[in-house]
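Shown next: input-v2.cif, containing mmCIF, C-alpha atoms.
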data_entry
#
loop_
_atom_site.label_atom_id
_atom_site.label_comp_id
_atom_site.auth_asym_id
_atom_site.auth_seq_id
_atom_site.Cartn_x
_atom_site.Cartn_y
_atom_site.Cartn_z
CA MET X 135 1.56 4.12 1.09
CA CYS X 136 -1.14 1.76 2.27
CA LEU X 137 0.16 2.37 5.77
CA ALA X 138 -2.62 2.41 8.30
CA ILE X 139 -2.37 2.82 12.05
CA PRO X 140 -4.69 1.62 14.82
CA MET X 141 -5.93 4.48 17.01
CA LYS X 142 -8.39 4.81 19.86
CA VAL X 143 -11.46 7.00 19.26
CA ILE X 144 -11.75 9.61 22.01
CA ARG X 145 -14.29 12.03 20.50
CA ILE X 146 -16.74 12.10 17.61
CA ASN X 147 -17.91 15.29 15.94
CA GLY X 148 -20.44 14.44 13.26
CA ASN X 149 -18.58 12.69 10.47
CA GLU X 150 -15.19 13.02 12.11
CA ALA X 151 -13.44 11.25 14.96
CA ILE X 152 -10.62 12.52 17.09
CA ALA X 153 -8.44 9.48 17.61
CA GLU X 154 -5.30 8.97 19.63
CA VAL X 155 -2.16 6.90 19.32
CA GLY X 156 0.94 7.26 21.51
CA GLY X 157 -0.39 10.46 23.08
CA VAL X 158 -0.86 12.19 19.70
CA GLN X 159 -4.32 13.07 18.44
CA TYR X 160 -5.45 12.85 14.84
CA HIS X 161 -8.61 13.64 12.89
CA ALA X 162 -10.19 10.74 11.06
CA ASN X 163 -13.02 10.97 8.55
CA LEU X 164 -15.71 8.37 9.32
CA THR X 165 -17.47 8.13 5.92
CA LEU X 166 -16.14 4.62 5.23
CA ILE X 167 -16.94 3.24 8.74
CA PRO X 168 -19.95 5.25 9.90
CA ASP X 169 -21.10 3.36 13.01
CA ILE X 170 -18.02 3.88 15.19
CA LYS X 171 -18.31 4.49 18.92
CA ILE X 172 -16.08 6.29 21.40
CA GLY X 173 -13.55 3.90 22.94
CA GLU X 174 -13.32 1.66 19.87
CA TYR X 175 -10.12 1.25 17.88
CA ILE X 176 -10.07 2.30 14.25
CA ILE X 177 -7.50 1.70 11.53
CA VAL X 178 -6.63 5.05 10.00
CA HIS X 179 -5.26 5.49 6.47
CA ALA X 180 -4.65 8.92 4.87
CA GLY X 181 -7.04 10.67 7.25
CA PHE X 182 -9.86 8.11 6.95
CA ALA X 183 -10.96 5.34 9.27
CA ILE X 184 -11.03 2.32 6.94
CA GLU X 185 -11.97 -0.39 9.43
CA ARG X 186 -12.70 -1.11 13.05
CA LEU X 187 -9.96 -3.08 14.81
CA ASP X 188 -11.30 -6.34 16.17
CA GLU X 189 -9.79 -6.55 19.67
CA GLU X 190 -11.05 -10.06 20.23
CA ALA X 191 -9.37 -11.32 17.06
CA ALA X 192 -6.12 -9.59 18.04
CA LEU X 193 -6.10 -11.20 21.46
CA GLU X 194 -7.02 -14.57 19.99
CA THR X 195 -4.04 -14.52 17.60
CA LEU X 196 -1.70 -13.73 20.48
CA GLN X 197 -3.28 -16.17 22.89
CA ILE X 198 -2.94 -19.10 20.52
CA TRP X 199 0.79 -18.47 20.18
CA GLN X 200 1.21 -17.84 23.88
CA GLU X 201 -0.46 -21.18 24.66
CA VAL X 202 1.49 -23.11 22.04
CA ALA X 203 4.74 -21.56 23.30
CA GLU X 204 3.95 -22.38 26.94
CA PHE X 205 2.85 -25.90 26.06
CA SER X 206 6.06 -26.65 24.20
CA GLN X 207 8.10 -25.16 27.05
CA ARG X 208 6.38 -27.47 29.54
CA LYS X 209 6.93 -30.39 27.20
CA SER X 210 10.66 -29.68 26.90
CA LYS X 211 10.96 -29.43 30.71
CA LEU X 212 9.36 -32.85 31.08
CA ARG X 213 11.91 -34.43 28.80
CA MET U 49 -2.11 2.35 24.87
CA LEU U 50 -2.95 -0.94 23.29
CA GLN U 51 -1.11 -3.67 25.16
CA TYR U 52 -1.48 -6.09 22.33
CA ILE U 53 0.14 -3.85 19.72
CA ASP U 54 3.37 -4.18 21.70
CA GLN U 55 2.61 -7.87 22.07
CA PHE U 56 2.90 -8.30 18.29
CA ARG U 57 6.57 -7.47 18.84
CA ASN U 58 6.94 -9.80 21.83
CA LEU U 59 10.48 -11.21 21.62
CA GLU U 60 9.69 -14.61 23.14
CA LEU U 61 6.85 -15.24 20.71
CA VAL U 62 8.96 -14.01 17.80
CA GLU U 63 11.72 -16.41 18.81
CA PHE U 64 9.24 -19.24 19.15
CA ILE U 65 7.83 -18.73 15.66
CA VAL U 66 11.31 -18.30 14.17
CA ASN U 67 12.23 -21.70 15.65
CA LYS U 68 9.09 -23.24 14.17
CA ILE U 69 9.98 -21.80 10.76
CA HIS U 70 13.44 -23.39 10.97
CA GLN U 71 11.98 -26.72 12.07
CA GLU U 72 9.27 -26.90 9.45
CA CYS U 73 11.07 -25.30 6.50
CA PRO U 74 11.35 -27.82 3.63
CA ARG U 75 14.66 -28.66 1.87
CA GLN U 76 13.65 -27.00 -1.39
CA ASN U 77 14.31 -23.31 -1.97
CA LEU U 78 11.20 -21.16 -1.55
CA LYS U 79 10.42 -17.76 -2.97
CA PHE U 80 7.71 -15.64 -1.36
CA MET U 81 6.71 -12.27 -2.78
CA GLU U 82 5.17 -9.39 -0.89
CA VAL U 83 3.18 -6.88 -2.92
CA CYS U 84 2.77 -4.14 -0.36
CA GLY U 85 5.25 -1.36 0.35
CA GLY U 86 4.35 -1.52 4.04
CA HIS U 87 5.50 -5.15 4.13
CA THR U 88 8.74 -4.25 2.33
CA ILE U 89 9.53 -1.70 5.03
CA ALA U 90 8.57 -4.04 7.89
CA ILE U 91 10.62 -6.96 6.50
CA PHE U 92 13.74 -4.79 6.27
CA LYS U 93 13.18 -2.77 9.42
CA PHE U 94 12.78 -5.86 11.61
CA GLY U 95 15.45 -7.85 9.74
CA ILE U 96 13.00 -10.68 8.97
CA GLN U 97 15.14 -12.12 6.14
CA LYS U 98 18.02 -12.65 8.60
CA LEU U 99 15.78 -14.50 11.05
CA ILE U 100 14.60 -17.14 8.58
CA PRO U 101 16.55 -19.90 6.75
CA ASP U 102 18.58 -18.84 3.69
CA SER U 103 16.52 -21.21 1.57
CA ILE U 104 13.52 -18.87 1.92
CA GLN U 105 13.86 -15.83 -0.26
CA LEU U 106 11.58 -12.84 0.29
CA ILE U 107 11.19 -10.63 -2.77
CA SER U 108 9.35 -7.36 -3.28
CA GLY U 109 6.78 -6.88 -5.98
CA PRO U 110 4.94 -3.86 -7.38
CA GLY U 111 3.43 -2.75 -4.04
CA CYS U 112 4.61 0.85 -3.84
CA PRO U 113 2.03 3.13 -5.51
CA VAL U 114 4.50 5.94 -6.10
CA CYS U 115 6.95 3.50 -7.71
CA VAL U 116 4.46 1.94 -10.14
CA THR U 117 3.13 5.30 -11.35
CA GLU U 118 4.25 5.80 -14.94
CA ILE U 119 6.62 8.64 -15.81
CA GLU U 120 4.05 10.08 -18.23
CA PHE U 121 1.76 10.79 -15.25
CA ILE U 122 4.51 12.81 -13.56
CA ASP U 123 5.12 14.71 -16.81
CA GLN U 124 1.39 15.46 -17.08
CA SER U 125 1.28 16.69 -13.47
CA ILE U 126 4.18 19.04 -14.13
CA ALA U 127 2.52 20.33 -17.32
CA LEU U 128 -0.70 20.97 -15.38
CA ALA U 129 1.20 22.72 -12.61
CA HIS U 130 2.54 25.20 -15.15
CA LEU U 131 -0.95 26.24 -16.30
CA PRO U 132 -2.11 29.56 -14.85
CA ASP U 133 -4.09 29.45 -11.58
CA VAL U 134 -3.57 25.73 -10.97
CA ILE U 135 -2.68 24.32 -7.56
CA ILE U 136 -1.40 20.74 -7.53
CA THR U 137 -2.20 18.80 -4.37
CA THR U 138 -0.64 15.44 -3.66
CA PHE U 139 0.59 12.90 -1.16
CA GLY U 140 4.17 13.71 -0.16
CA ASP U 141 6.43 11.35 -2.07
CA MET U 142 5.08 12.26 -5.50
CA VAL U 143 6.75 15.67 -5.56
CA ARG U 144 10.23 14.12 -5.62
CA VAL U 145 9.65 11.51 -8.32
CA PRO U 146 11.65 12.39 -11.43
CA GLY U 147 9.63 12.79 -14.63
CA SER U 148 11.27 12.75 -18.07
CA LYS U 149 13.13 16.00 -17.47
CA THR U 150 12.29 17.35 -14.04
CA SER U 151 10.20 16.78 -10.90
CA LEU U 152 7.40 18.76 -9.21
CA GLN U 153 9.87 19.58 -6.44
CA LYS U 154 12.43 21.04 -8.83
CA GLU U 155 9.74 23.01 -10.64
CA ARG U 156 8.73 24.71 -7.42
CA GLY U 157 11.69 26.98 -8.04
CA ALA U 158 10.00 27.99 -11.30
CA GLY U 159 7.01 29.26 -9.32
CA ILE U 160 4.48 26.42 -9.55
CA ASP U 161 2.11 25.89 -6.62
CA VAL U 162 2.38 22.34 -5.27
CA ARG U 163 0.96 21.45 -1.87
CA ILE U 164 1.41 18.25 0.09
CA CYS U 165 -1.64 16.72 1.72
CA TYR U 166 -1.94 14.09 4.43
CA SER U 167 -5.51 13.40 3.35
CA VAL U 168 -7.41 14.10 0.13
CA MET U 169 -9.85 16.10 2.29
CA ASP U 170 -7.02 18.65 2.78
CA ALA U 171 -7.12 19.19 -0.99
CA LEU U 172 -10.87 19.89 -0.83
CA LYS U 173 -10.20 22.44 1.89
CA ILE U 174 -7.56 24.14 -0.25
CA ALA U 175 -10.09 24.29 -3.11
CA LYS U 176 -12.65 25.95 -0.83
CA GLU U 177 -10.11 28.49 0.38
CA ASN U 178 -9.03 29.31 -3.17
CA PRO U 179 -12.22 29.63 -5.22
CA GLN U 180 -10.42 31.50 -8.02
CA LYS U 181 -7.91 28.66 -8.49
CA GLU U 182 -8.23 25.18 -9.97
CA VAL U 183 -7.15 22.53 -7.50
CA VAL U 184 -5.92 19.24 -8.98
CA PHE U 185 -5.36 16.23 -6.73
CA LEU U 186 -2.94 13.55 -7.93
CA GLY U 187 -4.90 10.36 -7.31
CA ILE U 188 -2.48 7.53 -6.71
CA GLY U 189 -2.74 4.42 -4.58
CA PHE U 190 -4.43 1.04 -4.50
CA GLU U 191 -7.80 -0.17 -3.19
CA THR U 192 -6.88 1.17 0.26
CA THR U 193 -6.66 4.77 -0.93
CA ALA U 194 -9.16 4.90 -3.80
CA PRO U 195 -12.26 4.95 -1.50
CA THR U 196 -10.88 8.02 0.30
CA VAL U 197 -10.40 9.87 -2.99
CA ALA U 198 -13.86 8.72 -4.14
CA THR U 199 -15.28 10.24 -0.94
CA ALA U 200 -13.66 13.57 -1.80
CA VAL U 201 -15.05 13.52 -5.36
CA LYS U 202 -18.51 12.68 -4.07
CA THR U 203 -18.31 15.44 -1.44
CA ALA U 204 -17.19 17.95 -4.10
CA SER U 205 -20.10 16.87 -6.29
CA ASP U 206 -22.63 17.05 -3.43
CA GLN U 207 -21.41 20.57 -2.61
CA SER U 208 -21.38 21.60 -6.31
CA MET U 209 -17.74 22.61 -6.16
CA ARG U 210 -16.39 23.78 -9.49
CA ASN U 211 -12.65 24.04 -8.89
CA PHE U 212 -11.64 20.57 -7.71
CA SER U 213 -10.62 17.61 -9.86
CA VAL U 214 -8.63 14.39 -9.62
CA LEU U 215 -5.98 13.15 -12.04
CA SER U 216 -6.50 9.45 -11.41
CA ALA U 217 -3.73 6.88 -11.65
CA HIS U 218 -5.37 4.62 -9.09
CA LYS U 219 -4.57 0.97 -9.48
CA THR U 220 -5.94 -2.36 -8.29
CA MET U 221 -3.88 -5.31 -7.15
CA PRO U 222 -5.24 -8.65 -8.42
CA ASN U 223 -4.70 -8.12 -12.16
CA ALA U 224 -1.15 -6.89 -11.54
CA MET U 225 -0.41 -10.05 -9.55
CA GLN U 226 -1.85 -12.07 -12.42
CA ALA U 227 0.30 -10.18 -14.96
CA LEU U 228 3.40 -10.97 -12.89
CA LEU U 229 2.52 -14.66 -12.86
CA ASP U 230 1.66 -14.68 -16.58
CA SER U 231 5.05 -13.18 -17.43
CA GLY U 232 6.58 -16.41 -16.14
CA GLU U 233 9.70 -14.54 -15.07
CA ILE U 234 9.55 -15.43 -11.40
CA GLY U 235 8.92 -18.85 -9.95
CA LEU U 236 6.91 -18.07 -6.83
CA ASN U 237 5.92 -20.43 -4.02
CA GLY U 238 3.64 -18.00 -2.22
CA PHE U 239 2.25 -14.51 -1.99
CA ILE U 240 2.35 -12.41 1.18
CA CYS U 241 -0.86 -10.53 0.38
CA PRO U 242 -1.36 -6.85 1.20
CA GLY U 243 -3.10 -6.26 4.55
CA HIS U 244 -4.74 -2.90 4.06
CA VAL U 245 -5.80 -3.50 0.45
CA SER U 246 -7.58 -6.58 1.81
CA VAL U 247 -9.24 -4.51 4.56
CA ILE U 248 -11.25 -2.93 1.73
CA THR U 249 -11.55 -5.83 -0.75
CA GLY U 250 -11.95 -8.80 1.58
CA ILE U 251 -10.07 -12.06 1.19
CA HIS U 252 -11.62 -13.54 -1.94
CA ILE U 253 -9.89 -11.34 -4.54
CA TYR U 254 -6.92 -13.73 -4.39
CA ASP U 255 -8.93 -16.93 -4.84
CA PHE U 256 -8.08 -17.18 -8.54
CA ILE U 257 -4.35 -17.10 -7.74
CA ALA U 258 -4.65 -20.03 -5.37
CA GLU U 259 -7.05 -21.95 -7.61
CA LYS U 260 -5.80 -21.28 -11.13
CA TYR U 261 -2.09 -20.67 -10.52
CA ARG U 262 -1.82 -23.04 -7.54
CA ILE U 263 0.09 -20.47 -5.47
CA PRO U 264 -0.78 -20.18 -1.77
CA CYS U 265 -1.71 -16.71 -0.55
CA VAL U 266 -1.64 -15.45 3.04
CA ILE U 267 -2.94 -11.99 3.95
CA SER U 268 -0.57 -10.48 6.48
CA GLY U 269 -0.38 -7.78 9.12
CA PHE U 270 2.64 -5.55 9.53
CA GLU U 271 4.20 -6.36 12.89
CA PRO U 272 7.12 -8.81 13.18
CA LEU U 273 4.89 -11.53 14.65
CA ASP U 274 2.41 -11.04 11.80
CA ILE U 275 4.98 -11.43 9.05
CA LEU U 276 6.70 -14.41 10.68
CA GLU U 277 3.39 -16.16 11.26
CA THR U 278 2.48 -15.50 7.62
CA ILE U 279 5.76 -17.09 6.48
CA LEU U 280 5.07 -20.10 8.71
CA MET U 281 1.53 -20.39 7.32
CA LEU U 282 2.92 -20.31 3.76
CA ILE U 283 5.52 -22.99 4.62
CA ARG U 284 2.79 -25.21 6.06
CA LEU U 285 0.63 -24.78 2.95
CA VAL U 286 3.62 -25.64 0.74
CA ASN U 287 4.47 -28.70 2.88
CA ASP U 288 0.88 -29.93 2.76
CA GLY U 289 0.63 -29.30 -0.98
CA ILE U 290 -2.42 -27.10 -0.41
CA SER U 291 -3.05 -23.99 -2.44
CA LYS U 292 -5.54 -21.65 -0.82
CA VAL U 293 -6.03 -18.18 0.61
CA GLU U 294 -5.57 -17.75 4.35
CA ASN U 295 -5.97 -14.67 6.51
CA GLN U 296 -3.34 -14.02 9.18
CA TYR U 297 -4.47 -10.40 9.75
CA THR U 298 -7.86 -11.28 11.26
CA ARG U 299 -7.90 -8.32 13.61
CA SER U 300 -8.24 -5.95 10.65
CA VAL U 301 -9.31 -7.94 7.59
CA LYS U 302 -12.87 -9.27 7.48
CA GLU U 303 -13.77 -11.96 4.99
CA ASN U 304 -16.00 -9.58 3.05
CA GLY U 305 -13.80 -6.51 3.52
CA ASN U 306 -15.41 -3.10 3.87
CA PRO U 307 -18.52 -3.08 1.61
CA LYS U 308 -19.28 0.58 2.35
CA ALA U 309 -15.82 1.65 1.14
CA ARG U 310 -16.19 -0.46 -2.02
CA GLU U 311 -19.64 1.03 -2.65
CA ILE U 312 -18.25 4.59 -2.58
CA MET U 313 -15.25 3.57 -4.69
CA LEU U 314 -17.49 2.00 -7.36
CA GLU U 315 -19.92 4.92 -7.25
CA VAL U 316 -17.15 7.25 -8.47
CA PHE U 317 -14.65 5.00 -10.27
CA GLU U 318 -14.89 2.30 -12.91
CA GLU U 319 -12.37 -0.29 -14.02
CA SER U 320 -9.93 0.77 -16.73
CA ASP U 321 -6.67 -0.36 -18.26
CA SER U 322 -3.69 1.07 -16.46
CA HIS U 323 -0.03 1.66 -17.24
CA TRP U 324 2.28 0.29 -14.56
CA ARG U 325 5.89 1.24 -14.49
CA GLY U 326 7.90 -1.90 -15.23
CA LEU U 327 4.84 -3.97 -16.09
CA GLY U 328 3.36 -2.00 -18.98
CA ILE U 329 -0.36 -1.71 -19.64
CA ILE U 330 -2.37 -4.22 -17.62
CA PRO U 331 -6.03 -4.62 -18.67
CA GLY U 332 -8.57 -3.86 -15.94
CA SER U 333 -5.97 -2.87 -13.37
CA GLY U 334 -6.83 0.80 -13.00
CA LEU U 335 -9.63 3.05 -11.82
CA GLN U 336 -10.91 5.94 -13.91
CA ILE U 337 -13.56 8.48 -12.93
CA LYS U 338 -17.03 7.62 -14.22
CA ASN U 339 -18.70 9.82 -16.81
CA LYS U 340 -21.25 10.82 -14.18
CA TYR U 341 -18.49 12.58 -12.24
CA ARG U 342 -16.52 13.86 -15.25
CA ASP U 343 -16.64 17.45 -14.01
CA PHE U 344 -14.22 16.26 -11.33
CA ASP U 345 -11.96 14.40 -13.75
CA THR U 346 -8.82 16.41 -14.55
CA ARG U 347 -8.49 14.58 -17.88
CA TYR U 348 -11.94 15.83 -18.92
CA LYS U 349 -11.47 19.36 -17.57
CA PHE U 350 -8.05 20.04 -19.07
CA LYS U 351 -6.60 19.18 -22.45
CA ILE U 352 -3.53 17.21 -21.50
CA THR U 353 -1.02 16.61 -24.26
CA ARG U 354 0.67 13.25 -24.28
CA GLU U 355 4.35 13.10 -24.95
CA PRO U 356 6.49 10.01 -24.85
CA ALA U 357 8.16 9.65 -21.47
CA ILE U 358 11.89 9.29 -21.09
CA GLU U 359 13.33 6.95 -18.48
CA TYR U 360 16.62 7.86 -16.80
CA PRO U 361 19.29 5.89 -18.71
CA GLY U 362 20.37 2.80 -16.80
CA CYS U 363 17.50 2.88 -14.25
CA ILE U 364 16.17 -0.66 -13.69
CA CYS U 365 13.15 0.29 -11.56
CA GLY U 366 10.94 -1.76 -13.90
CA ASP U 367 12.89 -5.00 -13.37
CA ILE U 368 12.95 -4.38 -9.61
CA LEU U 369 9.18 -3.85 -9.50
CA ARG U 370 8.69 -7.19 -11.27
CA GLY U 371 10.93 -8.88 -8.71
CA VAL U 372 13.42 -10.09 -11.34
CA LYS U 373 16.33 -7.90 -10.20
CA ASN U 374 17.62 -6.48 -6.94
CA PRO U 375 18.73 -2.88 -6.34
CA VAL U 376 22.37 -3.98 -6.10
CA ASP U 377 22.10 -5.22 -9.71
CA CYS U 378 21.67 -1.59 -10.79
CA ALA U 379 24.79 0.34 -11.82
CA LEU U 380 23.22 3.57 -10.53
CA PHE U 381 22.32 2.21 -7.06
CA SER U 382 23.71 4.27 -4.17
CA LYS U 383 26.36 5.93 -6.33
CA ILE U 384 24.41 8.05 -8.81
CA CYS U 385 20.95 7.26 -7.43
CA ASN U 386 20.33 7.72 -3.71
CA PRO U 387 17.57 9.17 -1.51
CA GLU U 388 19.22 12.63 -1.67
CA ASP U 389 19.18 12.65 -5.47
CA PRO U 390 16.88 9.87 -6.71
CA LYS U 391 16.86 8.96 -10.40
CA GLY U 392 14.06 6.41 -10.25
CA ALA U 393 10.80 6.23 -8.29
CA CYS U 394 11.93 3.15 -6.31
CA MET U 395 14.53 5.34 -4.59
CA VAL U 396 12.07 8.16 -3.83
CA SER U 397 9.32 6.60 -1.77
CA SER U 398 10.29 5.39 1.69
CA GLU U 399 8.62 2.10 0.78
CA GLY U 400 10.36 1.78 -2.57
CA THR U 401 12.59 -1.28 -2.78
CA CYS U 402 15.72 0.76 -3.61
CA ALA U 403 15.14 3.27 -0.79
CA THR U 404 14.57 0.43 1.67
CA TRP U 405 17.74 -1.40 0.57
CA PHE U 406 19.68 1.86 0.79
CA LYS U 407 18.48 2.49 4.32
CA TYR U 408 18.75 -0.99 5.82
CA ARG U 409 21.17 -3.04 3.72
CA LYS U 410 24.03 -0.71 2.97
#

Would you give me this structure, written as structure tokens?
Amino acid sequence: MCLAIPMKVIRINGNEAIAEVGGVQYHANLTLIPDIKIGEYIIVHAGFAIERLDEEAALETLQIWQEVAEFSQRKSKLR
Amino acid sequence: MLQYIDQFRNLELVEFIVNKIHQECPRQNLKFMEVCGGHTIAIFKFGIQKLIPDSIQLISGPGCPVCVTEIEFIDQSIALAHLPDVIITTFGDMVRVPGSKTSLQKERGAGIDVRICYSVMDALKIAKENPQKEVVFLGIGFETTAPTVATAVKTASDQSMRNFSVLSAHKTMPNAMQALLDSGEIGLNGFICPGHVSVITGIHIYDFIAEKYRIPCVISGFEPLDILETILMLIRLVNDGISKVENQYTRSVKENGNPKAREIMLEVFEESDSHWRGLGIIPGSGLQIKNKYRDFDTRYKFKITREPAIEYPGCICGDILRGVKNPVDCALFSKICNPEDPKGACMVSSEGTCATWFKYRK
């Protein structure tokens, strides 16, 4: 039940954001994360934005693995 | 669309991490427990257990809020629903959970008014549209959900609403994890810690588990790459003999969590003892509405009689929630108890261990 989905904020009306994922739009209450801006990604749980998604951290996690994977591929080719 | 959401399912990276897990996995058998229903679903849906060595066993703990809600709460909800002019509002799965004799779903035939909400704010809207009715919201869920319900209570209070209240069975995670460890029933080598609970609480609520119980904890996201990386991080901690809390889900979980959400939660709720199905009463593991907001507390507004709850004979939901038994150990599983006609809560919720086994393992 603690499912939460990242969505992109496309509009803000007062205390509510219209956010989109996969072409579907949802309403998200912004009480718990008030300083959201259009274009940011929010994590939505039960109709509430509960956190802002940190794009940099997401890319960093992926990049580290990508680099490690590429490095070990190069290493195995050298052998 | 977010490129990197798909990237967390990138096959090459998944394969790479799976290989690392196989290379680095120690000889000893390891048991890792996840305590979040979302992780249970992801592990089964993506077949994670089949990707990793047999010596690593993934077990599910009490991470499904619907499943850990005691039968007495269901019975109370049904009793409330039968009072005149009461509308019960709830998240979807609760209506199908069997109480001692019946469920909210079955009682709909007897004319009760039960409405399913996606958000607690829908329940507030129903209350505004029905000023002559009493709207009761069934407050279940962990730290992730409690701030949303607290927001609704605060909004109702700010707007001086008179016909909205919450029957709270909200629960908090750390003390339940401690109770599991104190029972000594399961020898664990690591916790896969709940991602979205941690979004609210931050990463330090698990410190005592790593420090006092010497069990490594890794907070995990929900994509295949997340869960596999978490398993690898746990293996590395075990291999190095280090017990600490690490955060794999950095894109969502900040060290200090969401202070604003905690502030609203603690404005409305206070710590209380709570009855967990399968685990019994765990001190300090629940959230009750503060006296200041008692006008919005269903237990204060209505006299609710307490009757002993009756468990369906043979149902082993409790043992499954503690991670000591598997669904296949239950004589009712898939024959008498299935998603069409569930006898226990673990078969009702899509993230219940029995429902997940039924869907993916049969």

Non-local contacts of U:Phe256 (12 Å; only C-alpha atoms; under 2 positions in same chain excluded) as a tab-separated table (two decimals) with C-alpha atoms, in the coordinates of the input:
chain	number	residue	atom	x	y	z
U	222	PRO	CA	-5.24	-8.65	-8.42
U	223	ASN	CA	-4.70	-8.12	-12.16
U	225	MET	CA	-0.41	-10.05	-9.55
U	226	GLN	CA	-1.85	-12.07	-12.42
U	229	LEU	CA	2.52	-14.66	-12.86
U	251	ILE	CA	-10.07	-12.06	1.19
U	252	HIS	CA	-11.62	-13.54	-1.94
U	253	ILE	CA	-9.89	-11.34	-4.54
U	254	TYR	CA	-6.92	-13.73	-4.39
U	258	ALA	CA	-4.65	-20.03	-5.37
U	259	GLU	CA	-7.05	-21.95	-7.61
U	260	LYS	CA	-5.80	-21.28	-11.13
U	261	TYR	CA	-2.09	-20.67	-10.52
U	262	ARG	CA	-1.82	-23.04	-7.54
U	263	ILE	CA	0.09	-20.47	-5.47
U	264	PRO	CA	-0.78	-20.18	-1.77
U	265	CYS	CA	-1.71	-16.71	-0.55
U	291	SER	CA	-3.05	-23.99	-2.44
U	292	LYS	CA	-5.54	-21.65	-0.82
U	293	VAL	CA	-6.03	-18.18	0.61

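Residues from chain X that have an atom within 8 Å of chain U, counting only C-alpha atoms, are Met135, Cys136, Leu137, Ala138, Val155, Gly156, Thr165, Leu166, Ile167, Ile177, His179, Ala180, Gly181, Phe182, Ile184, Glu185, Arg186, Leu187, Asp188, Glu189, Glu190, Ala191, Ala192, Leu193, Leu196, Trp199, Gln200 and Ala203 of chain X.
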
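Take atom CA of U:Glu294 and atom CA of U:Thr220: the distance between them is 19.9 Å.
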
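Here atom CA of U:Ile160 is placed at a distance of 29.1 Å from atom CA of U:Gly326.
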
Box time for stretch 139-144 of chain U: axis-aligned, enclosing all its listed atoms, 3 Å extra on each side; report centre and edge lengths in Å to one decimal, as JSON.
{"center_x": 5.4, "center_y": 13.5, "center_z": -2.9, "size_x": 15.6, "size_y": 10.3, "size_z": 11.5}

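Shortest atom-to-atom contact with X:Lys171 among X:Ala183, X:Val202, X:Ile152, X:Ile146: X:Ile146, counting only C-alpha atoms.
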
- Task: Please return, as an NGL selection string, all polymer residues that have at least one atom within 9 Å of the point (-5.0, 10.5, 23.2); use all atoms listed in the file and the file's own coordinate frame.
- Result: (:X and (141-144 or 152-160)) or (:U and (49))

- Could you give me, as number ranges by chain, the residues that have an atom at most 6 Å away from the point (-13.2, 12.0, 9.6) in the coordinates of the file, using all atoms listed in the file? X: 149-151, 161-164, 182

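Considering the residues X:Ile139, X:Ser206, X:Asp169, X:Glu194 and counting only C-alpha atoms, U:Asn67 has its shortest atom-to-atom contact with X:Ser206.
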
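For the residues U:Ser231, U:His218, U:Asp161, U:Ser246, ranking by smallest atom-to-atom distance to U:Asn304 using only C-alpha atoms places U:Ser246 first.
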
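This file gives the following result for the PyMOL selection byres ((chain U and resi 129) around 9): Gln124, Ser125, Ile126, Ala127, Leu128, His130, Leu131, Pro132, Asp133, Val134, Ile135, Ile136, Leu152, Glu155, Ile160, Asp161, Val162 and Val184 of chain U.
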
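We find atom CA of U:Arg57 and atom CA of U:Ile283 to be spaced 21.1 Å apart.
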
Please expand the PyMOL selection byres ((chain U and resi 204) around 12) into the concrete residues it hits in this file, giving the result as a short mmCIF file (atom, residue, chain, number, x, y, z; two decimals) with C-alpha atoms, keeping the file's coordinate frame.
data_model
loop_
_atom_site.label_atom_id
_atom_site.label_comp_id
_atom_site.auth_asym_id
_atom_site.auth_seq_id
_atom_site.Cartn_x
_atom_site.Cartn_y
_atom_site.Cartn_z
CA VAL U 168 -7.41 14.10 0.13
CA MET U 169 -9.85 16.10 2.29
CA ALA U 171 -7.12 19.19 -0.99
CA LEU U 172 -10.87 19.89 -0.83
CA LYS U 173 -10.20 22.44 1.89
CA ALA U 175 -10.09 24.29 -3.11
CA LYS U 176 -12.65 25.95 -0.83
CA VAL U 183 -7.15 22.53 -7.50
CA VAL U 197 -10.40 9.87 -2.99
CA ALA U 198 -13.86 8.72 -4.14
CA THR U 199 -15.28 10.24 -0.94
CA ALA U 200 -13.66 13.57 -1.80
CA VAL U 201 -15.05 13.52 -5.36
CA LYS U 202 -18.51 12.68 -4.07
CA THR U 203 -18.31 15.44 -1.44
CA SER U 205 -20.10 16.87 -6.29
CA ASP U 206 -22.63 17.05 -3.43
CA GLN U 207 -21.41 20.57 -2.61
CA SER U 208 -21.38 21.60 -6.31
CA MET U 209 -17.74 22.61 -6.16
CA ARG U 210 -16.39 23.78 -9.49
CA ASN U 211 -12.65 24.04 -8.89
CA PHE U 212 -11.64 20.57 -7.71
CA SER U 213 -10.62 17.61 -9.86
CA VAL U 214 -8.63 14.39 -9.62
CA VAL U 316 -17.15 7.25 -8.47
CA TYR U 341 -18.49 12.58 -12.24
CA ARG U 342 -16.52 13.86 -15.25
CA ASP U 343 -16.64 17.45 -14.01
CA PHE U 344 -14.22 16.26 -11.33
CA ASP U 345 -11.96 14.40 -13.75
#

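Among the candidates U:His323, U:Arg284, U:Lys219, U:Lys391, the residue lying nearest to U:Tyr360 is U:Lys391 (atoms considered: all atoms listed in the file).
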
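Closest approach to U:Ser216 from the set U:Ala403, U:Ile96, U:Met281, U:Ile122 is made by U:Ile122, with distances taken over all atoms listed in the file.
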
- Apply the PyMOL selection byres ((chain U and resi 105) around 7) to the displayed file and report the matching residues as a ChimeraX atom specification. /U:78-80,102-104,106-107
